[in-house]
$ cat coords22.txt   # compact mmCIF, C-alpha atoms
# COMPACT_ATOMS: atom_id res chain seq x y z
CA MET A 227 76.67 38.16 61.47
CA THR A 228 72.96 37.33 61.19
CA TRP A 229 71.08 38.59 58.18
CA TRP A 230 69.11 41.12 60.19
CA ALA A 231 72.10 42.57 62.09
CA ARG A 232 73.27 46.08 61.29
CA PRO A 233 76.95 46.96 60.87
CA LYS A 234 77.59 48.55 64.25
CA GLY A 235 80.83 50.32 63.39
CA ARG A 236 79.48 51.99 60.31
CA ASN A 237 76.25 52.97 62.05
CA ARG A 238 78.19 54.53 64.93
CA GLU A 239 80.29 56.51 62.49
CA CYS A 240 77.13 57.76 60.81
CA GLU A 241 75.54 58.75 64.12
CA ASP A 242 78.59 60.84 65.07
CA ALA A 243 78.62 62.75 61.77
CA GLY A 244 77.75 66.46 61.74
CA PRO A 245 77.57 69.05 64.51
CA PRO A 246 75.68 68.11 67.65
CA ALA A 247 72.04 69.09 67.71
CA SER A 248 72.45 71.55 70.57
CA GLY A 249 72.91 75.25 71.14
CA LEU A 250 76.16 74.47 72.97
CA ALA A 251 77.90 74.45 69.57
CA LEU A 252 77.10 78.16 69.13
CA LEU A 253 77.97 79.41 72.62
CA PRO A 254 81.76 79.82 72.02
CA TRP A 255 80.99 82.60 69.53
CA LEU A 256 80.07 84.81 72.46
CA LEU A 257 83.83 85.35 72.78
CA LEU A 258 83.41 87.95 70.03
CA GLY A 259 82.01 90.19 72.72
CA LEU A 260 85.14 90.09 74.91
CA GLY A 261 86.33 93.41 73.47
CA SER A 262 83.24 95.22 74.72
CA PHE A 263 83.58 93.49 78.08
CA ALA A 264 87.18 94.72 78.30
CA ASN A 265 86.01 98.26 77.54
CA LEU A 266 83.49 97.91 80.30
CA ILE A 267 86.16 96.87 82.80
CA LYS A 268 88.47 99.70 81.75
CA GLY A 269 85.70 102.21 82.29
CA ASP A 270 85.34 103.23 78.64
CA ALA A 271 81.60 102.60 78.86
CA ASN A 272 78.92 103.24 81.44
CA PRO A 273 78.97 100.10 83.62
CA TRP A 274 75.23 100.12 84.18
CA VAL A 275 74.20 100.70 80.57
CA GLY A 276 76.96 98.59 79.03
CA GLY A 277 76.71 95.83 81.62
CA LEU A 278 72.91 95.62 81.29
CA GLY A 279 73.26 95.63 77.50
CA ILE A 280 75.79 92.76 77.51
CA PHE A 281 73.72 90.75 79.99
CA THR A 282 70.52 91.26 77.99
CA PHE A 283 72.15 90.43 74.66
CA ASN A 284 73.89 87.31 75.98
CA SER A 285 70.71 86.09 77.67
CA LEU A 286 68.67 86.54 74.51
CA TYR A 287 71.42 84.98 72.39
CA ILE A 288 71.64 81.86 74.59
CA GLY A 289 67.88 81.45 74.57
CA VAL A 290 67.65 81.87 70.79
CA VAL A 291 70.46 79.49 69.83
CA PHE A 292 69.12 76.73 72.07
CA ARG A 293 65.67 77.15 70.54
CA ALA A 294 67.19 77.10 67.04
CA PHE A 295 67.59 73.31 67.14
CA ASP A 296 63.88 72.66 67.60
CA ARG A 297 61.78 73.45 64.52
CA ALA A 298 58.64 74.40 66.42
CA ALA A 299 60.55 76.53 68.94
CA ARG A 300 62.60 78.45 66.39
CA GLU A 301 59.47 79.27 64.35
CA ALA A 302 57.58 80.46 67.43
CA LEU A 303 56.62 84.13 67.87
CA SER A 304 58.63 84.33 71.10
CA THR A 305 61.81 83.49 69.19
CA ARG A 306 61.11 86.22 66.63
CA LEU A 307 60.53 88.69 69.44
CA ALA A 308 63.82 87.62 71.06
CA LEU A 309 65.63 88.28 67.77
CA LEU A 310 63.98 91.68 67.55
CA GLY A 311 65.14 92.42 71.11
CA MET A 312 68.68 91.37 70.19
CA GLY A 313 68.57 93.69 67.20
CA LEU A 314 67.46 96.65 69.31
CA VAL A 315 70.09 95.98 71.98
CA THR A 316 72.82 95.53 69.35
CA THR A 317 71.88 98.75 67.57
CA GLY A 318 71.71 100.70 70.80
CA LEU A 319 75.12 99.51 72.03
CA ALA A 320 76.76 100.00 68.63
CA VAL A 321 75.39 103.51 68.21
CA THR A 322 76.23 104.47 71.80
CA TYR A 323 79.79 103.13 72.04
CA GLY A 324 80.97 101.95 68.58
CA GLY A 325 84.39 100.26 68.38
CA SER A 326 84.43 96.68 69.63
CA TRP A 327 80.74 96.94 70.48
CA LEU A 328 80.06 96.67 66.74
CA MET A 329 81.01 92.96 66.96
CA PHE A 330 77.57 92.27 68.34
CA PHE A 331 76.31 92.57 64.76
CA PRO A 332 78.07 89.35 63.58
CA LEU A 333 76.67 87.63 66.69
CA LEU A 334 73.23 88.88 65.77
CA GLY A 335 73.73 87.57 62.23
CA LEU A 336 74.70 84.17 63.64
CA ALA A 337 71.51 84.02 65.74
CA VAL A 338 69.40 85.08 62.76
CA GLY A 339 71.00 82.43 60.54
CA ALA A 340 70.48 79.73 63.17
CA THR A 341 66.74 80.42 63.44
CA ALA A 342 65.66 81.82 60.05
CA ARG A 343 66.74 79.16 57.55
CA GLY A 344 64.06 79.71 54.92
CA ARG A 345 64.05 81.53 51.60
CA GLY A 346 63.50 84.85 53.38
CA LEU A 347 67.08 84.69 54.55
CA GLY A 348 68.25 85.52 51.03
CA VAL A 349 66.73 88.98 51.49
CA GLY A 350 67.03 89.33 55.26
CA ALA A 351 70.76 88.58 55.47
CA PRO A 352 71.86 91.27 52.96
CA LEU A 353 69.56 93.82 54.60
CA LEU A 354 70.96 93.04 58.05
CA ALA A 355 74.54 93.22 56.70
CA ALA A 356 73.83 96.55 55.00
CA PHE A 357 72.30 97.96 58.20
CA ALA A 358 75.31 96.79 60.21
CA ALA A 359 77.69 98.39 57.68
CA VAL A 360 75.81 101.69 57.81
CA VAL A 361 75.83 101.77 61.63
CA ALA A 362 79.52 100.80 61.68
CA GLY A 363 80.41 103.46 59.10
CA TRP A 364 78.46 106.17 60.89
CA ARG A 365 79.75 105.34 64.37
CA GLY A 366 83.25 103.98 63.78
CA GLY A 367 84.36 105.27 60.40
CA TRP A 368 83.52 104.06 56.92
CA SER A 369 86.76 102.10 56.68
CA HIS A 370 85.33 99.60 59.14
CA ALA A 371 81.90 99.37 57.48
CA PRO A 372 82.75 96.67 54.87
CA ASP A 373 84.36 94.45 57.52
CA ILE A 374 81.37 94.58 59.89
CA GLY A 375 78.88 94.19 57.04
CA TYR A 376 80.74 91.26 55.54
CA ALA A 377 81.21 89.54 58.92
CA THR A 378 77.49 89.93 59.67
CA PHE A 379 76.45 88.56 56.27
CA LEU A 380 78.93 85.67 56.42
CA SER A 381 78.00 84.59 59.94
CA CYS A 382 74.32 84.66 59.02
CA MET A 383 74.54 82.68 55.78
CA VAL A 384 77.21 80.16 56.82
CA THR A 385 75.42 79.34 60.06
CA ALA A 386 72.13 78.84 58.22
CA ALA A 387 73.79 76.66 55.59
CA ILE A 388 75.66 74.43 58.06
CA LEU A 389 72.71 73.93 60.38
CA SER A 390 70.31 73.28 57.51
CA LEU A 391 72.69 70.71 56.05
CA SER A 392 73.14 69.08 59.44
CA GLU A 393 69.38 68.89 59.96
CA THR A 394 68.90 67.42 56.49
CA VAL A 395 71.54 64.77 57.17
CA ARG A 396 69.84 63.82 60.44
CA GLU A 397 66.46 63.58 58.73
CA LEU A 398 67.88 61.47 55.91
CA ARG A 399 69.61 59.20 58.41
CA ALA A 400 66.38 58.80 60.36
CA ALA A 401 64.50 58.01 57.15
CA ARG A 402 67.15 55.49 56.12
CA GLU A 403 67.01 53.77 59.51
CA GLU A 404 63.21 53.63 59.32
CA LEU A 405 63.38 52.11 55.83
CA ALA A 406 65.97 49.59 57.05
CA ARG A 407 63.78 48.70 60.03
CA ARG A 408 60.75 48.17 57.80
CA ALA A 409 62.82 46.09 55.36
CA VAL A 410 64.00 43.86 58.22
CA GLU A 411 60.44 43.44 59.50
CA LYS A 412 59.22 42.67 56.00
CA GLU A 413 61.95 40.09 55.43
CA ARG A 414 61.32 38.47 58.81
CA LEU A 415 57.61 38.19 58.02
CA ARG A 416 58.37 36.77 54.57
CA PHE A 417 60.82 34.26 56.00
CA SER A 418 58.40 33.14 58.72
CA ARG A 419 55.73 32.56 56.07
CA ASP A 420 58.11 30.53 53.95
CA LEU A 421 59.06 28.33 56.89
CA HIS A 422 55.42 27.91 57.85
CA ASP A 423 54.49 26.81 54.35
CA LEU A 424 57.50 24.51 54.07
CA LEU A 425 57.39 22.84 57.47
CA GLY A 426 53.62 22.80 57.91
CA HIS A 427 53.06 20.69 54.82
CA THR A 428 56.08 18.44 55.31
CA LEU A 429 55.35 17.66 58.95
CA SER A 430 51.72 16.96 58.13
CA VAL A 431 52.78 14.43 55.48
CA ILE A 432 55.24 12.81 57.89
CA VAL A 433 52.56 12.49 60.59
CA VAL A 434 50.03 11.01 58.16
CA LYS A 435 52.50 8.52 56.72
CA SER A 436 53.73 7.58 60.21
CA GLU A 437 50.16 6.82 61.25
CA ALA A 438 49.69 4.77 58.08
CA ALA A 439 52.90 2.84 58.75
CA ARG A 440 51.78 2.12 62.32
CA ARG A 441 48.41 0.83 61.12
CA LEU A 442 49.99 -1.35 58.43
CA ALA A 443 52.86 -2.73 60.53
CA GLY A 444 50.79 -5.57 62.02
CA ARG A 445 49.20 -6.90 58.82
CA ASP A 446 51.27 -5.71 55.83
CA LEU A 447 54.96 -5.23 56.62
CA ASP A 448 55.92 -4.42 53.02
CA ALA A 449 53.33 -1.62 52.82
CA ALA A 450 54.49 -0.28 56.19
CA LEU A 451 58.11 -0.28 54.99
CA ALA A 452 57.01 1.59 51.86
CA GLN A 453 55.42 4.24 54.05
CA LEU A 454 58.61 4.49 56.11
CA GLY A 455 60.59 4.90 52.90
CA ASP A 456 58.25 7.73 51.91
CA ILE A 457 58.82 9.34 55.31
CA GLU A 458 62.56 9.20 54.79
CA SER A 459 62.19 10.66 51.31
CA VAL A 460 59.93 13.47 52.54
CA GLY A 461 62.34 14.25 55.38
CA ARG A 462 65.32 14.46 53.05
CA GLN A 463 63.37 16.63 50.64
CA ALA A 464 62.35 18.90 53.52
CA LEU A 465 66.00 19.35 54.54
CA THR A 466 66.88 20.30 50.98
CA GLU A 467 63.98 22.75 50.74
CA ILE A 468 64.83 24.44 54.02
CA ARG A 469 68.47 24.88 52.97
CA GLU A 470 67.36 26.34 49.67
CA ALA A 471 64.79 28.58 51.34
CA VAL A 472 67.38 29.95 53.76
CA THR A 473 69.79 30.73 50.94
CA GLY A 474 66.99 32.14 48.77
CA TYR A 475 67.34 29.81 45.77
CA ARG A 476 64.28 27.59 45.99
CA GLU A 477 62.22 27.49 42.80
CA GLY A 478 58.56 26.53 43.04
CA SER A 479 56.89 24.17 40.60
CA LEU A 480 53.14 23.66 40.35
CA SER A 481 53.54 20.21 38.81
CA THR A 482 55.84 19.13 41.65
CA GLU A 483 53.38 20.34 44.27
CA LEU A 484 50.50 18.56 42.50
CA THR A 485 52.49 15.32 42.57
CA ARG A 486 53.24 15.76 46.25
CA ALA A 487 49.60 16.59 46.91
CA ARG A 488 48.49 13.29 45.35
CA SER A 489 50.91 11.39 47.56
CA ALA A 490 49.96 13.22 50.75
CA LEU A 491 46.22 12.88 50.13
CA ALA A 492 46.51 9.20 49.28
CA ALA A 493 48.51 8.55 52.45
CA ALA A 494 45.75 10.25 54.45
CA SER A 495 43.08 8.03 52.79
CA VAL A 496 41.76 10.98 50.80
CA GLU A 497 41.02 10.32 47.12
CA PRO A 498 42.94 12.89 45.02
CA VAL A 499 41.34 14.18 41.80
CA VAL A 500 43.60 16.54 39.84
CA ARG A 501 42.57 18.38 36.66
CA GLN A 502 44.81 20.80 34.81
CA SER A 503 44.04 22.61 31.56
CA GLY A 504 45.07 25.69 29.63
CA ALA A 505 48.28 27.35 28.50
CA PRO A 506 51.64 27.09 30.30
CA LEU A 507 52.14 29.58 33.13
CA ALA A 508 54.91 31.99 33.99
CA PRO A 509 57.39 30.70 36.59
CA GLN A 510 56.29 33.30 39.15
CA THR A 511 52.64 32.33 38.70
CA GLU A 512 53.46 28.63 38.98
CA ALA A 513 55.43 29.28 42.15
CA LEU A 514 52.57 31.12 43.83
CA LEU A 515 49.98 28.52 42.81
CA GLY A 516 52.31 25.81 44.07
CA TRP A 517 52.29 27.44 47.49
CA VAL A 518 48.49 27.61 47.41
CA VAL A 519 48.26 23.88 46.58
CA ARG A 520 50.69 23.04 49.37
CA GLU A 521 48.84 25.09 52.02
CA ALA A 522 45.36 23.98 50.93
CA VAL A 523 46.28 20.28 50.82
CA THR A 524 48.00 20.56 54.20
CA ASN A 525 44.77 21.93 55.65
CA VAL A 526 42.75 19.12 54.02
CA VAL A 527 45.03 16.50 55.58
CA ARG A 528 45.05 18.20 58.97
CA HIS A 529 41.54 19.47 59.43
CA SER A 530 38.94 18.36 56.91
CA ARG A 531 38.18 14.71 57.78
CA ALA A 532 37.40 14.36 54.06
CA ASP A 533 37.69 11.29 51.83
CA ARG A 534 37.87 13.16 48.51
CA CYS A 535 39.74 16.26 47.34
CA GLU A 536 39.55 17.87 43.90
CA ILE A 537 42.30 20.15 42.62
CA THR A 538 41.52 22.08 39.43
CA VAL A 539 43.85 24.39 37.53
CA ASP A 540 42.19 26.27 34.67
CA SER A 541 44.39 28.67 32.71
CA ALA A 542 42.47 31.07 30.47
CA GLU A 543 43.87 33.68 28.11
CA GLU A 544 44.45 36.34 30.76
CA ARG A 545 43.94 34.72 34.17
CA VAL A 546 44.43 31.36 35.79
CA ARG A 547 42.13 29.93 38.47
CA LEU A 548 43.05 27.25 40.98
CA THR A 549 40.49 25.58 43.23
CA VAL A 550 41.03 22.99 45.95
CA THR A 551 37.75 21.48 47.16
CA ASP A 552 37.16 18.70 49.68
CA ASN A 553 34.01 17.01 50.93
CA GLY A 554 34.94 17.19 54.60
CA THR A 555 33.74 19.32 57.50
CA PRO A 556 33.99 23.07 56.71
CA ILE A 557 33.91 24.19 60.33
CA ALA A 558 37.17 22.36 61.02
CA HIS A 559 39.03 24.32 58.35
CA PRO A 560 41.05 27.50 59.02
CA THR A 561 39.86 30.47 56.95
CA THR A 562 41.92 33.33 55.51
CA ASP A 563 42.33 34.53 59.08
CA GLY A 564 44.82 31.69 59.59
CA THR A 565 48.54 32.29 59.41
CA GLY A 566 49.21 30.37 56.19
CA LEU A 567 46.21 31.56 54.18
CA THR A 568 46.69 35.14 55.36
CA GLY A 569 50.25 35.15 54.04
CA LEU A 570 49.12 33.64 50.74
CA THR A 571 46.34 36.20 50.41
CA GLU A 572 48.89 39.01 50.75
CA ARG A 573 51.27 37.38 48.26
CA LEU A 574 48.58 36.89 45.63
CA ALA A 575 47.28 40.42 46.12
CA ALA A 576 50.80 41.78 45.53
CA ALA A 577 50.91 39.84 42.25
CA GLY A 578 47.52 41.18 41.10
CA GLY A 579 45.53 38.14 42.20
CA SER A 580 43.16 37.08 44.95
CA LEU A 581 42.54 34.20 47.35
CA THR A 582 39.26 33.14 48.95
CA ALA A 583 38.51 30.30 51.33
CA GLY A 584 35.20 29.09 52.74
CA ALA A 585 32.47 26.50 52.76
CA ALA A 586 31.58 25.13 49.33
CA PRO A 587 27.93 25.41 48.15
CA GLN A 588 27.70 21.64 47.65
CA GLY A 589 29.30 20.97 51.03
CA GLY A 590 32.88 20.68 52.11
CA PHE A 591 35.49 23.44 51.86
CA THR A 592 36.99 25.35 48.91
CA VAL A 593 40.16 27.38 48.51
CA ALA A 594 40.13 29.42 45.28
CA ALA A 595 43.03 31.45 43.89
CA GLU A 596 43.14 33.68 40.82
CA LEU A 597 46.20 35.20 39.21
CA PRO A 598 47.17 36.88 35.95
CA VAL A 599 48.73 34.37 33.54
CA GLY A 600 51.81 36.57 33.72
CA PRO A 601 52.53 38.39 37.03
CA ALA A 602 51.54 42.04 37.29
CA ASP A 603 55.16 43.04 37.82
CA PRO A 604 57.87 40.37 37.47
CA HIS A 605 60.27 42.59 39.41
CA ASP A 606 57.90 43.03 42.37
CA GLU A 607 59.62 41.34 45.29
CA ASP A 608 56.33 41.18 47.22
CA ALA A 609 54.75 39.01 44.57
CA VAL A 610 57.09 36.08 45.10
CA PRO A 611 58.60 34.96 48.39
CA ALA A 612 62.30 35.44 48.88
CA SER A 613 62.84 31.72 48.93
CA LEU A 614 61.25 31.37 45.50
CA ARG A 615 63.37 34.00 43.76
CA SER A 616 66.53 32.85 42.06
$ encode --input "coords22.txt" --output "structure tokens"
Amino acid sequence: MTWWARPKGRNRECEDAGPPASGLALLPWLLLGLGSFANLIKGDANPWVGGLGIFTFNSLYIGVVFRAFDRAAREALSTRLALLGMGLVTTGLAVTYGGSWLMFFPLLGLAVGATARGRGLGVGAPLLAAFAAVVAGWRGGWSHAPDIGYATFLSCMVTAAILSLSETVRELRAAREELARRAVEKERLRFSRDLHDLLGHTLSVIVVKSEAARRLAGRDLDAALAQLGDIESVGRQALTEIREAVTGYREGSLSTELTRARSALAAASVEPVVRQSGAPLAPQTEALLGWVVREAVTNVVRHSRADRCEITVDSAEERVRLTVTDNGTPIAHPTTDGTGLTGLTERLAAAGGSLTAGAAPQGGFTVAAELPVGPADPHDEDAVPASLRS
């Protein structure tokens, strides 16, 4: 399984959890009204009044429960009016016929619980249950009042609780999936930057040394063979670095990158001048500055047409400053709009630093980076690339 793949089985199980987000789940409860329908068939109730009442209640109930699964729809005034209509129809049928017609009260409580899930339900549900109990006691005998009141209260509160929990689970799942998607995008971007910084520099060195070997082959075979040996060494080192970057265990070293910079610049006929002063740096700071040296020197070799490059590392008490300056052609250089420098700018900013790139006042091109001597947050994963964290 690739590192960005999601576990399909587990995700499918999560998607199937909870009741479906549809009013269909609440339609079977209309069977509570079968008793009144039976009375209607047997002629115990006026077919026009009872039939119209059942049709009106069921129509309003179906409309309300389907709107209950959309936040905007269930909070709309039309839904409140539909609930009020259900309440009037339920009261009228219960007062007129009593008996099994009282079961419309639990159905009303279910519709109220499905739509009114806020704090007001803590007051509204007991009031509705008490009203149902009073109507049931007055019309059908007080022995039935507690049953109707309790059924109304229970259907209201349980429905509200289950649907609220289901909605919360869906929202949490959506938030988790969004966080996972962003994490994957972030890791892909980080990995692409690491590969760019690794391969861009290495391939540039190989090209420069290959050109040097070709030039030397006709007049100095030993020097050409030395360049070929360097190419082999750089290639092997690149393979090692890529393996380590993929597995996330590569550790950056500023001193190593400075040594490589000298070799790459010299092979490109650019005089390297390296100055380093100040206190030792934290590993995370060294790693970030090493990436800056690598990217800046790669750009010098590729674009500058310079014959001299100065690299200065000055570590003060609180901040360290790195500058890479060449005497080439500034217009040929990529700025911080380029892929590599853009990624480095973001990395340094995450670590509390900054990166600037542009034409130097005395001519040529300068890349300047500043960082705290110790990183702003050593646990900040954005401050150091994944391939540099051990």
$ residues_around --input "coords22.txt" --residues "Thr378 (chain A)" --least-positions-apart "6" --cutoff "10 Å" --atoms "only C-alpha atoms" --output "list of chain:residue names"
A:Met329, A:Phe330, A:Phe331, A:Pro332, A:Leu333, A:Leu334, A:Gly335, A:Leu336, A:Val338, A:Gly339, A:Ala351, A:Pro352, A:Leu354, A:Ala355, A:Ala356, A:Phe357, A:Ala358, A:Ala359, A:Pro372
$ closest_residue --input "coords22.txt" --among "A:Gly269, A:Gly259, A:Gly461, A:Gly578" --to "Phe283 (chain A)" --atoms "all atoms listed in the file"
A:Gly259
$ closest_residue --input "coords22.txt" --among "A:Ile432, A:Leu391, A:Ala271, A:Val526" --to "Thr322 (chain A)" --atoms "all atoms listed in the file"
A:Ala271
$ atom_distance --input "coords22.txt" --atom1 "CA of Pro498 (chain A)" --atom2 "CA of Ala513 (chain A)"
20.8 Å
$ atom_distance --input "coords22.txt" --atom1 "CA of Cys382 (chain A)" --atom2 "CA of Glu397 (chain A)"
22.5 Å
$ atom_distance --input "coords22.txt" --atom1 "CA of Gln463 (chain A)" --atom2 "CA of Thr482 (chain A)"
12.0 Å
$ closest_residue --input "coords22.txt" --among "A:Ser369, A:Ser541, A:Ser285, A:Thr568" --to "Leu256 (chain A)" --atoms "all atoms listed in the file"
A:Ser285
$ residues_around --input "coords22.txt" --residues "Gly249 (chain A)" --least-positions-apart "6" --cutoff "10 Å" --atoms "all atoms listed in the file" --output "compact mmCIF listing (two decimals) with C-alpha atoms, in the coordinates of the input"
# COMPACT_ATOMS: atom_id res chain seq x y z
CA TYR A 287 71.42 84.98 72.39
CA ILE A 288 71.64 81.86 74.59
CA GLY A 289 67.88 81.45 74.57
CA VAL A 290 67.65 81.87 70.79
CA VAL A 291 70.46 79.49 69.83
CA PHE A 292 69.12 76.73 72.07
CA ARG A 293 65.67 77.15 70.54
CA ALA A 294 67.19 77.10 67.04
CA PHE A 295 67.59 73.31 67.14
CA ALA A 340 70.48 79.73 63.17
